[in-house]
Amino acid sequence: MYQSLPSNESIPSQRKKIIVLGSGPNRIGQGIEFDYCCVHGLLAIKECGYEAIMVNCNPETVSTDFDMADKLYFEPVYWEHLWEIIELEKPEGVIVQLGGQTALKLAKKLVARGIKIIGTSFDDMDIAEDRGRFSDLLKELEIPYPSYGTAYTADEAIEVANKVGYPVLVRPSYVLGGQRMRIVINDEEVEKAVVSLLRHIPDNKILIDHFLDRCQEAEVDAIYDGETFHVMGVMEHIEPAGIHSGDSNAVLPAFNLTPLEVTTMEYYSEKIAKALNIRGLINIQFAIKDGKVYVIEANPRASRTTPFIAKAYQIPYLNIATKVMLGEAKVKDFTYEKKLEGFAIKEPVFSFNKFPGVSKELGPEMKSTGEAIRFIKDLRDPYFRTLYKERSMHLSK
């Protein structure tokens with residue numbers, strides 16, 4: 001269906017319905033991994049006996065194939081369009097965990113209108129999304145994190161940057177793909193970064209974190225149902241922290257972290273998932289420096305590594321997570337046999353050759369346009385060794 005005023009050909013059925021929000025059109029610098037998440041979510045919804053309704057507007061995705069959902073609304077993932085669909089269909093609830101940041105941003109308006117969010121509640125998701133509230137939570141849980149501050153103006157930002165210590169990471173709250181994130185090393189650069197940020201994303205809260213220079217980065221993807229916490233995978237990034245996770249080569253399972261560091265990451269992840277009352281998926285990113293594990297951020301949704309882990313281990317994690325969100329199943333109801341011999345490497349795909357004037361330097365803002373998967377038998381693999389040797393080459397200063 002798509003809007004064609006003044007007529008409306010969409011006739012709602014009497015069945016119980018669940019709406020899945022897609023990630024909308026993909027700009028350069030956003031992969032298409034969330035489409036995989038939406039597709040498997042739709043299939044799980046059908047298996048649970050609901051009518052699966054998809055709202056997305058990207059013609060190049062599988063989630064918008066005519067036979068994937070019971071009903072497809074080919075509409076922009078904007079509030080005005082979504083509200084009209086909800087008023088017509090009257091769903092049991094809406095799933096925002098599968099469509100990346102685009103879908104997540106609509107959760108606040110849905111809750112304000114009394115629409116049920118399937119899975120983790122809006123307030124719990126907002127704690128993870130609001131860096132200030134999230135850092136307060138980490139402090140309460142006694143989990144280490146880089147020192148930070150928040151600001152609304154350039155002058156406030158400079159004051160905070162001097163307090164937390166250079167280098168600092170300047171970033172806005174609630175963004176996808178590391179948009180407008182910058183690593184800066186002095187007052188002048190902070191001012192420039194903040195002015196640019198406020199020009200493009202006005203009224204956004206600015207976060208200034210101390211940047212842990214040249215440390216190891218890793219991430220955990222997991223499912224929590226309120227009782228059982230299941231780690232889907234622990235991925236170690238080859239490049240040091242400072243490169244956006246979507247641009248880094250990441251290895252599953254971790255290859256260079258100590259068992260104590262991996263266990264600590266899993267322990268912190270479970271503590272955070274419980275504190276946030278997660279129902280469904282969570283992705284947590286870590287920085288490891290001198291053996292100490294710091295939490296950088298938590299995403300209360302499917303991340304772009306979730307499809308990668310599901311494919312590498314050959315476990316239908318998105319199907320399982322959707323059933324957990326719906327309350328139709330528990331984590332313990334499934335068996336998890338990880339079929340991975342050796343290691344899987346998540347390789348970012350870049351399109352620099354199509355954009356000759358674009359800077360090829362990598363930083364905290366995502367530049368890759370997708371990802372590929374490469375399987376290696378062991379760490380003696382020549383491809384891996386070259387990758388590891390050159391891991392700092394493209395990192396911007």
# chains A, B, ... in the order shown; residues from 1 in each chain; ligands from 1

$ residues_around --residues "Phe384 of chain A" --least-positions-apart "2" --cutoff "12 Å" --atoms "only C-alpha atoms" --output "number ranges by chain"
A: 238, 249-251, 255, 343-347, 374-382, 386-391

$ residues_around --residues "Leu43 of chain A" --least-positions-apart "6" --cutoff "12 Å" --atoms "only C-alpha atoms" --output "PDB file with C-alpha atoms, in the first residue's frame"
ATOM      1  CA  ILE A  18       2.082  -6.164  14.871  1.00  0.00           C
ATOM      2  CA  VAL A  20       7.485  -3.479  12.236  1.00  0.00           C
ATOM      3  CA  TYR A  36      17.823  -8.591   7.450  1.00  0.00           C
ATOM      4  CA  CYS A  37      16.614  -7.949  11.000  1.00  0.00           C
ATOM      5  CA  GLY A  49      -0.022 -16.105  14.643  1.00  0.00           C
ATOM      6  CA  TYR A  50      -0.116 -12.332  14.243  1.00  0.00           C
ATOM      7  CA  GLU A  51      -0.641 -10.336  11.072  1.00  0.00           C
ATOM      8  CA  ALA A  52       2.774  -8.869  10.198  1.00  0.00           C
ATOM      9  CA  ILE A  53       2.667  -5.282   8.883  1.00  0.00           C
ATOM     10  CA  MET A  54       5.820  -3.670   7.475  1.00  0.00           C
ATOM     11  CA  SER A  63      11.549  -6.343   3.665  1.00  0.00           C
ATOM     12  CA  ASP A  67       5.321 -11.403  -0.411  1.00  0.00           C
ATOM     13  CA  MET A  68       7.378 -10.840   2.761  1.00  0.00           C
ATOM     14  CA  ALA A  69       4.868  -9.194   5.134  1.00  0.00           C
ATOM     15  CA  ASP A  70       1.130  -9.875   5.309  1.00  0.00           C
ATOM     16  CA  PRO A 316      18.318 -17.712  13.817  1.00  0.00           C
ATOM     17  CA  LEU A 318      16.535 -12.465  15.021  1.00  0.00           C
ATOM     18  CA  ASN A 319      13.698 -14.986  14.974  1.00  0.00           C
ATOM     19  CA  ILE A 320      14.417 -15.901  18.601  1.00  0.00           C
ATOM     20  CA  ALA A 321      14.744 -12.250  19.712  1.00  0.00           C
ATOM     21  CA  THR A 322      11.439 -11.256  18.064  1.00  0.00           C
ATOM     22  CA  LYS A 323       9.586 -14.095  19.835  1.00  0.00           C
TER      23      LYS A 323
END

$ select_by_dssp --residues "segment 166-272 of chain A" --states "alpha helix (DSSP H)" --output "list in words"
Asp187, Glu188, Glu189, Val190, Glu191, Lys192, Ala193, Val194, Val195, Ser196, Leu197, Leu198, Arg199, His200, Pro259, Leu260, Glu261, Val262, Thr263, Thr264, Met265, Glu266, Tyr267, Tyr268, Ser269, Glu270, Lys271 and Ile272 of chain A

$ write_last_selection --atoms "N, CA and C atoms" --output "CSV table (one decimal), in the first residue's frame"
chain,number,residue,atom,x,y,z
A,187,ASP,N,40.8,23.5,22.3
A,187,ASP,CA,39.6,24.4,22.5
A,187,ASP,C,39.1,24.8,21.1
A,188,GLU,N,40.0,25.3,20.2
A,188,GLU,CA,39.6,25.8,18.9
A,188,GLU,C,38.8,24.7,18.1
A,189,GLU,N,39.3,23.5,18.2
A,189,GLU,CA,38.6,22.4,17.4
A,189,GLU,C,37.3,22.1,18.1
A,190,VAL,N,37.2,22.1,19.4
A,190,VAL,CA,35.9,21.9,20.1
A,190,VAL,C,34.9,22.9,19.6
A,191,GLU,N,35.3,24.2,19.6
A,191,GLU,CA,34.3,25.2,19.1
A,191,GLU,C,33.9,25.0,17.7
A,192,LYS,N,34.8,24.7,16.8
A,192,LYS,CA,34.5,24.4,15.4
A,192,LYS,C,33.5,23.2,15.3
A,193,ALA,N,33.8,22.1,16.0
A,193,ALA,CA,32.9,20.9,16.0
A,193,ALA,C,31.5,21.2,16.5
A,194,VAL,N,31.4,22.0,17.6
A,194,VAL,CA,30.1,22.3,18.2
A,194,VAL,C,29.3,23.2,17.3
A,195,VAL,N,29.9,24.2,16.7
A,195,VAL,CA,29.2,25.1,15.8
A,195,VAL,C,28.6,24.4,14.6
A,196,SER,N,29.5,23.5,14.1
A,196,SER,CA,29.0,22.7,12.9
A,196,SER,C,27.9,21.8,13.3
A,197,LEU,N,28.0,21.1,14.5
A,197,LEU,CA,27.0,20.2,14.9
A,197,LEU,C,25.7,20.9,15.1
A,198,LEU,N,25.7,22.1,15.8
A,198,LEU,CA,24.4,22.8,16.1
A,198,LEU,C,23.8,23.4,14.8
A,199,ARG,N,24.6,23.6,13.8
A,199,ARG,CA,24.1,24.1,12.6
A,199,ARG,C,23.3,23.0,11.8
A,200,HIS,N,23.8,21.8,11.9
A,200,HIS,CA,23.2,20.7,11.2
A,200,HIS,C,22.1,20.0,12.0
A,259,PRO,N,40.9,-14.1,28.6
A,259,PRO,CA,39.6,-14.7,29.1
A,259,PRO,C,39.0,-13.8,30.2
A,260,LEU,N,39.8,-13.2,31.0
A,260,LEU,CA,39.3,-12.3,32.1
A,260,LEU,C,38.6,-11.1,31.5
A,261,GLU,N,39.2,-10.5,30.4
A,261,GLU,CA,38.6,-9.3,29.8
A,261,GLU,C,37.2,-9.7,29.1
A,262,VAL,N,37.2,-10.9,28.5
A,262,VAL,CA,35.9,-11.3,27.8
A,262,VAL,C,34.9,-11.6,28.9
A,263,THR,N,35.2,-12.2,30.0
A,263,THR,CA,34.3,-12.5,31.0
A,263,THR,C,33.7,-11.3,31.7
A,264,THR,N,34.7,-10.3,31.9
A,264,THR,CA,34.3,-9.0,32.4
A,264,THR,C,33.2,-8.3,31.5
A,265,MET,N,33.5,-8.3,30.2
A,265,MET,CA,32.6,-7.7,29.3
A,265,MET,C,31.2,-8.4,29.4
A,266,GLU,N,31.2,-9.7,29.4
A,266,GLU,CA,29.9,-10.4,29.5
A,266,GLU,C,29.2,-10.1,30.8
A,267,TYR,N,29.9,-10.0,31.9
A,267,TYR,CA,29.4,-9.7,33.2
A,267,TYR,C,28.8,-8.3,33.2
A,268,TYR,N,29.5,-7.3,32.7
A,268,TYR,CA,29.0,-5.9,32.6
A,268,TYR,C,27.7,-5.9,31.7
A,269,SER,N,27.8,-6.6,30.6
A,269,SER,CA,26.6,-6.6,29.7
A,269,SER,C,25.3,-7.1,30.4
A,270,GLU,N,25.5,-8.2,31.2
A,270,GLU,CA,24.3,-8.7,31.9
A,270,GLU,C,23.8,-7.8,32.9
A,271,LYS,N,24.7,-7.1,33.6
A,271,LYS,CA,24.3,-6.1,34.6
A,271,LYS,C,23.5,-5.0,34.0
A,272,ILE,N,24.0,-4.5,32.8
A,272,ILE,CA,23.3,-3.4,32.1
A,272,ILE,C,22.0,-3.8,31.6

$ atom_distance --atom1 "atom CA of Gly327 of chain A" --atom2 "atom CA of Thr228 of chain A"
13.2 Å

$ closest_residue --among "A:Leu326, A:Asn256, A:Lys116, A:His237" --to "Asp225 of chain A" --atoms "only C-alpha atoms"
A:Leu326

$ atom_distance --atom1 "atom CA of Phe66 of chain A" --atom2 "atom CA of Pro25 of chain A"
17.3 Å

$ closest_residue --among "A:Met366, A:Leu257, A:Val164, A:Cys48" --to "Arg180 of chain A" --atoms "only C-alpha atoms"
A:Met366

$ atom_distance --atom1 "atom CA of Val231 of chain A" --atom2 "atom CA of Leu106 of chain A"
27.4 Å

$ closest_atom_pairs --of "segment 177-228 of chain A" --to "segment 134-148 of chain A" --cutoff "10 Å" --atoms "only C-alpha atoms" --output "Markdown table"
| residue | atom | partner | partner_atom | distance |
| --- | --- | --- | --- | --- |
| A:Leu207 | CA | A:Tyr148 | CA | 7.1 |
| A:Ile208 | CA | A:Tyr148 | CA | 5.5 |
| A:Asp209 | CA | A:Tyr148 | CA | 4.1 |
| A:His210 | CA | A:Ser147 | CA | 5.6 |
| A:Phe211 | CA | A:Pro146 | CA | 7.2 |
| A:Leu212 | CA | A:Pro146 | CA | 7.3 |

$ select_by_dssp --residues "segment 86-204 of chain A" --states "strand (DSSP E or B)" --output "number ranges by chain"
A: 93-95, 117, 148-151, 168-172, 182-184

$ residues_around --residues "Cys57 of chain A" --least-positions-apart "6" --cutoff "7 Å" --atoms "only C-alpha atoms" --output "list in words"
Gly24, Pro25, Phe74, Glu75 and Pro76 of chain A

$ residues_around --residues "Ala128 of chain A" --least-positions-apart "4" --cutoff "10 Å" --atoms "only C-alpha atoms" --output "MDAnalysis selection string"
chainID A and resid 123:124 132:135 137 174 272 276 282 284 297:300

$ closest_residue --among "A:Ile19, A:Ala287, A:Val94, A:Leu281" --to "Phe229 of chain A" --atoms "only C-alpha atoms"
A:Leu281

$ closest_residue --among "A:Leu21, A:Ile309, A:Val168, A:Leu82" --to "Ile95 of chain A" --atoms "only C-alpha atoms"
A:Leu21

$ closest_residue --among "A:Pro253, A:Gly22, A:Pro172, A:Gly41" --to "Ala218 of chain A" --atoms "only C-alpha atoms"
A:Pro253

$ residues_around --residues "segment 333-340 of chain A" --least-positions-apart "6" --cutoff "8 Å" --atoms "only C-alpha atoms" --output "list in words"
Ala312, Tyr313, Gln314, Ile315 and Ile320 of chain A

$ write_last_selection --atoms "C-alpha atoms" --output "PDB file, in the first residue's frame"
ATOM      1  CA  ALA A 312      28.486 -16.852  11.217  1.00  0.00           C
ATOM      2  CA  TYR A 313      27.058 -19.118  13.937  1.00  0.00           C
ATOM      3  CA  GLN A 314      24.096 -20.291  11.791  1.00  0.00           C
ATOM      4  CA  ILE A 315      21.602 -19.569  14.581  1.00  0.00           C
ATOM      5  CA  ILE A 320      14.417 -15.901  18.601  1.00  0.00           C
TER       6      ILE A 320
END

$ closest_residue --among "A:Ser351, A:Asn283, A:Asn204, A:Gln14" --to "Arg301 of chain A" --atoms "only C-alpha atoms"
A:Asn283

$ decode --residues "segment 140-153 of chain A" --atoms "all heavy atoms" --output "PDB file, in the first residue's frame"
ATOM      1  N   GLU A 140      26.168   4.166  38.987  1.00  0.00           N
ATOM      2  CA  GLU A 140      25.383   3.452  40.005  1.00  0.00           C
ATOM      3  C   GLU A 140      25.747   1.964  40.034  1.00  0.00           C
ATOM      4  O   GLU A 140      25.829   1.350  41.098  1.00  0.00           O
ATOM      5  CB  GLU A 140      23.909   3.619  39.624  1.00  0.00           C
ATOM      6  CG  GLU A 140      22.930   3.441  40.754  1.00  0.00           C
ATOM      7  CD  GLU A 140      21.503   3.608  40.224  1.00  0.00           C
ATOM      8  OE1 GLU A 140      21.155   4.731  39.777  1.00  0.00           O
ATOM      9  OE2 GLU A 140      20.769   2.614  40.215  1.00  0.00           O
ATOM     10  N   LEU A 141      25.969   1.375  38.853  1.00  0.00           N
ATOM     11  CA  LEU A 141      26.299  -0.058  38.753  1.00  0.00           C
ATOM     12  C   LEU A 141      27.786  -0.345  39.014  1.00  0.00           C
ATOM     13  O   LEU A 141      28.210  -1.495  38.971  1.00  0.00           O
ATOM     14  CB  LEU A 141      25.922  -0.590  37.359  1.00  0.00           C
ATOM     15  CG  LEU A 141      24.443  -0.570  36.971  1.00  0.00           C
ATOM     16  CD1 LEU A 141      24.272  -0.981  35.515  1.00  0.00           C
ATOM     17  CD2 LEU A 141      23.630  -1.494  37.870  1.00  0.00           C
ATOM     18  N   GLU A 142      28.561   0.740  39.228  1.00  0.00           N
ATOM     19  CA  GLU A 142      30.018   0.631  39.450  1.00  0.00           C
ATOM     20  C   GLU A 142      30.711  -0.038  38.265  1.00  0.00           C
ATOM     21  O   GLU A 142      31.545  -0.927  38.417  1.00  0.00           O
ATOM     22  CB  GLU A 142      30.319  -0.109  40.765  1.00  0.00           C
ATOM     23  CG  GLU A 142      29.781   0.629  41.975  1.00  0.00           C
ATOM     24  CD  GLU A 142      30.061  -0.084  43.298  1.00  0.00           C
ATOM     25  OE1 GLU A 142      30.464  -1.262  43.257  1.00  0.00           O
ATOM     26  OE2 GLU A 142      29.865   0.541  44.348  1.00  0.00           O
ATOM     27  N   ILE A 143      30.324   0.412  37.056  1.00  0.00           N
ATOM     28  CA  ILE A 143      30.953  -0.071  35.824  1.00  0.00           C
ATOM     29  C   ILE A 143      31.788   1.074  35.253  1.00  0.00           C
ATOM     30  O   ILE A 143      31.287   2.187  35.095  1.00  0.00           O
ATOM     31  CB  ILE A 143      29.868  -0.513  34.794  1.00  0.00           C
ATOM     32  CG1 ILE A 143      29.138  -1.765  35.316  1.00  0.00           C
ATOM     33  CG2 ILE A 143      30.488  -0.799  33.431  1.00  0.00           C
ATOM     34  CD1 ILE A 143      27.945  -2.184  34.474  1.00  0.00           C
ATOM     35  N   PRO A 144      33.079   0.831  34.949  1.00  0.00           N
ATOM     36  CA  PRO A 144      33.935   1.919  34.448  1.00  0.00           C
ATOM     37  C   PRO A 144      33.475   2.452  33.082  1.00  0.00           C
ATOM     38  O   PRO A 144      33.008   1.699  32.235  1.00  0.00           O
ATOM     39  CB  PRO A 144      35.315   1.257  34.304  1.00  0.00           C
ATOM     40  CG  PRO A 144      35.245  -0.019  35.075  1.00  0.00           C
ATOM     41  CD  PRO A 144      33.811  -0.437  35.078  1.00  0.00           C
ATOM     42  N   TYR A 145      33.601   3.773  32.910  1.00  0.00           N
ATOM     43  CA  TYR A 145      33.286   4.414  31.629  1.00  0.00           C
ATOM     44  C   TYR A 145      34.173   5.647  31.502  1.00  0.00           C
ATOM     45  O   TYR A 145      34.643   6.194  32.507  1.00  0.00           O
ATOM     46  CB  TYR A 145      31.806   4.807  31.565  1.00  0.00           C
ATOM     47  CG  TYR A 145      31.355   5.731  32.675  1.00  0.00           C
ATOM     48  CD1 TYR A 145      31.376   7.116  32.516  1.00  0.00           C
ATOM     49  CD2 TYR A 145      30.947   5.210  33.909  1.00  0.00           C
ATOM     50  CE1 TYR A 145      30.989   7.961  33.537  1.00  0.00           C
ATOM     51  CE2 TYR A 145      30.560   6.054  34.940  1.00  0.00           C
ATOM     52  CZ  TYR A 145      30.584   7.431  34.749  1.00  0.00           C
ATOM     53  OH  TYR A 145      30.208   8.268  35.764  1.00  0.00           O
ATOM     54  N   PRO A 146      34.450   6.101  30.260  1.00  0.00           N
ATOM     55  CA  PRO A 146      35.293   7.298  30.102  1.00  0.00           C
ATOM     56  C   PRO A 146      34.584   8.513  30.711  1.00  0.00           C
ATOM     57  O   PRO A 146      33.365   8.638  30.587  1.00  0.00           O
ATOM     58  CB  PRO A 146      35.419   7.461  28.577  1.00  0.00           C
ATOM     59  CG  PRO A 146      34.981   6.153  27.997  1.00  0.00           C
ATOM     60  CD  PRO A 146      34.027   5.556  28.969  1.00  0.00           C
ATOM     61  N   SER A 147      35.338   9.410  31.377  1.00  0.00           N
ATOM     62  CA  SER A 147      34.695  10.570  31.998  1.00  0.00           C
ATOM     63  C   SER A 147      34.071  11.435  30.899  1.00  0.00           C
ATOM     64  O   SER A 147      34.581  11.519  29.786  1.00  0.00           O
ATOM     65  CB  SER A 147      35.687  11.360  32.837  1.00  0.00           C
ATOM     66  OG  SER A 147      36.824  11.681  32.086  1.00  0.00           O
ATOM     67  N   TYR A 148      32.960  12.074  31.220  1.00  0.00           N
ATOM     68  CA  TYR A 148      32.176  12.781  30.201  1.00  0.00           C
ATOM     69  C   TYR A 148      31.521  14.013  30.801  1.00  0.00           C
ATOM     70  O   TYR A 148      31.507  14.231  32.017  1.00  0.00           O
ATOM     71  CB  TYR A 148      31.084  11.858  29.653  1.00  0.00           C
ATOM     72  CG  TYR A 148      29.865  11.842  30.548  1.00  0.00           C
ATOM     73  CD1 TYR A 148      28.728  12.575  30.209  1.00  0.00           C
ATOM     74  CD2 TYR A 148      29.872  11.165  31.765  1.00  0.00           C
ATOM     75  CE1 TYR A 148      27.627  12.610  31.047  1.00  0.00           C
ATOM     76  CE2 TYR A 148      28.786  11.193  32.613  1.00  0.00           C
ATOM     77  CZ  TYR A 148      27.664  11.923  32.254  1.00  0.00           C
ATOM     78  OH  TYR A 148      26.594  11.971  33.091  1.00  0.00           O
ATOM     79  N   GLY A 149      30.932  14.825  29.940  1.00  0.00           N
ATOM     80  CA  GLY A 149      30.105  15.948  30.356  1.00  0.00           C
ATOM     81  C   GLY A 149      29.155  16.290  29.236  1.00  0.00           C
ATOM     82  O   GLY A 149      29.347  15.855  28.095  1.00  0.00           O
ATOM     83  N   THR A 150      28.115  17.059  29.532  1.00  0.00           N
ATOM     84  CA  THR A 150      27.166  17.466  28.485  1.00  0.00           C
ATOM     85  C   THR A 150      27.144  18.987  28.379  1.00  0.00           C
ATOM     86  O   THR A 150      27.448  19.694  29.345  1.00  0.00           O
ATOM     87  CB  THR A 150      25.741  16.965  28.792  1.00  0.00           C
ATOM     88  OG1 THR A 150      25.348  17.463  30.072  1.00  0.00           O
ATOM     89  CG2 THR A 150      25.679  15.458  28.788  1.00  0.00           C
ATOM     90  N   ALA A 151      26.780  19.477  27.201  1.00  0.00           N
ATOM     91  CA  ALA A 151      26.754  20.923  26.965  1.00  0.00           C
ATOM     92  C   ALA A 151      25.698  21.252  25.923  1.00  0.00           C
ATOM     93  O   ALA A 151      25.271  20.380  25.153  1.00  0.00           O
ATOM     94  CB  ALA A 151      28.127  21.383  26.486  1.00  0.00           C
ATOM     95  N   TYR A 152      25.291  22.523  25.903  1.00  0.00           N
ATOM     96  CA  TYR A 152      24.338  22.999  24.896  1.00  0.00           C
ATOM     97  C   TYR A 152      24.928  24.118  24.041  1.00  0.00           C
ATOM     98  O   TYR A 152      24.353  24.501  23.039  1.00  0.00           O
ATOM     99  CB  TYR A 152      23.038  23.469  25.566  1.00  0.00           C
ATOM    100  CG  TYR A 152      22.209  22.328  26.102  1.00  0.00           C
ATOM    101  CD1 TYR A 152      22.343  21.913  27.421  1.00  0.00           C
ATOM    102  CD2 TYR A 152      21.303  21.644  25.287  1.00  0.00           C
ATOM    103  CE1 TYR A 152      21.591  20.855  27.926  1.00  0.00           C
ATOM    104  CE2 TYR A 152      20.548  20.587  25.767  1.00  0.00           C
ATOM    105  CZ  TYR A 152      20.694  20.194  27.088  1.00  0.00           C
ATOM    106  OH  TYR A 152      19.954  19.138  27.567  1.00  0.00           O
ATOM    107  N   THR A 153      26.084  24.664  24.469  1.00  0.00           N
ATOM    108  CA  THR A 153      26.732  25.745  23.706  1.00  0.00           C
ATOM    109  C   THR A 153      28.221  25.459  23.562  1.00  0.00           C
ATOM    110  O   THR A 153      28.761  24.602  24.270  1.00  0.00           O
ATOM    111  CB  THR A 153      26.582  27.102  24.432  1.00  0.00           C
ATOM    112  OG1 THR A 153      27.333  27.028  25.666  1.00  0.00           O
ATOM    113  CG2 THR A 153      25.137  27.440  24.730  1.00  0.00           C
TER     114      THR A 153
END
